[in-house]
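The structure appears below as structure tokens.
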Amino acid sequence: MRNTWLVGGVAGFVVALGLMRGSSRGVAADAPAPVQKWEYATFEERVNPAYYAWHSPRSKLVWGINFPDFYKEMGGKGDATEAGNAELYNLVGLEGWEYVGVEDFPSSQNRVGAIADNRLHSHVFKRPAR
């Protein structure tokens, strides 16, 4: 009786081990998820003095001091005098760019009240690396 239990216990262990090994062959091991690679672009703007620039990998630097002309240079269509940041964001969105956020750089001059802001604003965009 004692030996029967030992043989049965060892046999059960071997069967269980075989089942565990066999099940791992049918299911792929959890591979680490691929890391998403991004590329980034910036749209820089300043109100006074006016300045607009687009920096991105794989494209030429586009800049200007007049927003409608800058928008046209970026590929904007239609009446550029009515274009604003939303139209520009839609334009670059067609190329897969997604708005991430904005970074404001401190002004070299102190301005108060309703006087125009001369800080540089750098709007950051990202898209999956191509």
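Residue numbering restarts at 1 in every chain; chains get A, B, ... in the order shown in the structure tokens, and ligands count up from 1 in that same order.
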
Can you list, as a compact mmCIF listing (two decimals) with C-alpha atoms, in the first residue's frame, all residues belonging to segment 20-113 of chain A that DSSP tags as helix (DSSP H, G or I)?
```txt
# COMPACT_ATOMS: atom_id res chain seq x y z
CA MET A 20 2.36 21.94 -17.69
CA ARG A 21 5.12 21.58 -20.26
CA GLY A 22 2.69 20.60 -22.99
CA SER A 23 0.44 23.57 -22.33
CA SER A 24 3.32 26.00 -22.60
CA ARG A 25 4.14 24.70 -26.07
CA GLY A 26 0.69 25.57 -27.36
CA PHE A 67 0.70 84.15 -40.01
CA PRO A 68 -1.34 83.99 -43.25
CA ASP A 69 1.86 83.69 -45.31
CA PHE A 70 3.27 81.15 -42.86
CA TYR A 71 0.05 79.12 -43.08
CA LYS A 72 0.22 79.12 -46.90
CA GLU A 73 3.89 78.09 -46.77
CA ALA A 80 -5.34 82.34 -45.13
CA THR A 81 -6.32 85.71 -43.64
CA GLU A 82 -8.98 83.86 -41.64
CA ASN A 85 -3.91 78.00 -34.83
CA ALA A 86 -6.87 75.59 -35.17
CA GLU A 87 -6.53 75.55 -38.95
CA LEU A 88 -2.78 74.99 -38.64
CA TYR A 89 -3.33 72.13 -36.16
CA ASN A 90 -5.83 70.54 -38.56
CA LEU A 91 -3.34 70.91 -41.39
CA VAL A 92 -0.50 69.15 -39.57
CA GLY A 93 -2.98 66.64 -38.15
```

Write out as an MDAnalysis selection string which residues come within 10 Å of Ile65 of chain A when counting only C-alpha atoms, dropping same-chain ones fewer than 2 positions away. chainID A and resid 45:53 63 67:70

From atom CA of Gly78 of chain A to atom CA of Glu95 of chain A the spacing works out at 18.3 Å

As a check of understanding: the span from atom CA of Phe105 of chain A to atom CA of Leu120 of chain A is 5.4 Å

Gap from atom CA of Ala129 of chain A to atom CA of Ala33 of chain A - Å, one decimal
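Pair atom CA of Ala129 of chain A / atom CA of Ala33 of chain A returns 16.4 Å.
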
task: Extract, using only C-alpha atoms, all DNA, RNA and protein residues at most 7 Å from Glu103 of chain A, discarding same-chain residues fewer than 3 positions from it, and format them as a ChimeraX atom specification.
output: /A:121-123

For Gly101 of chain A, which of A:Trp38, A:Trp54, A:Phe43, A:Phe125 is the closest residue, counting only C-alpha atoms?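 The closest residue to Gly101 of chain A is A:Phe125.
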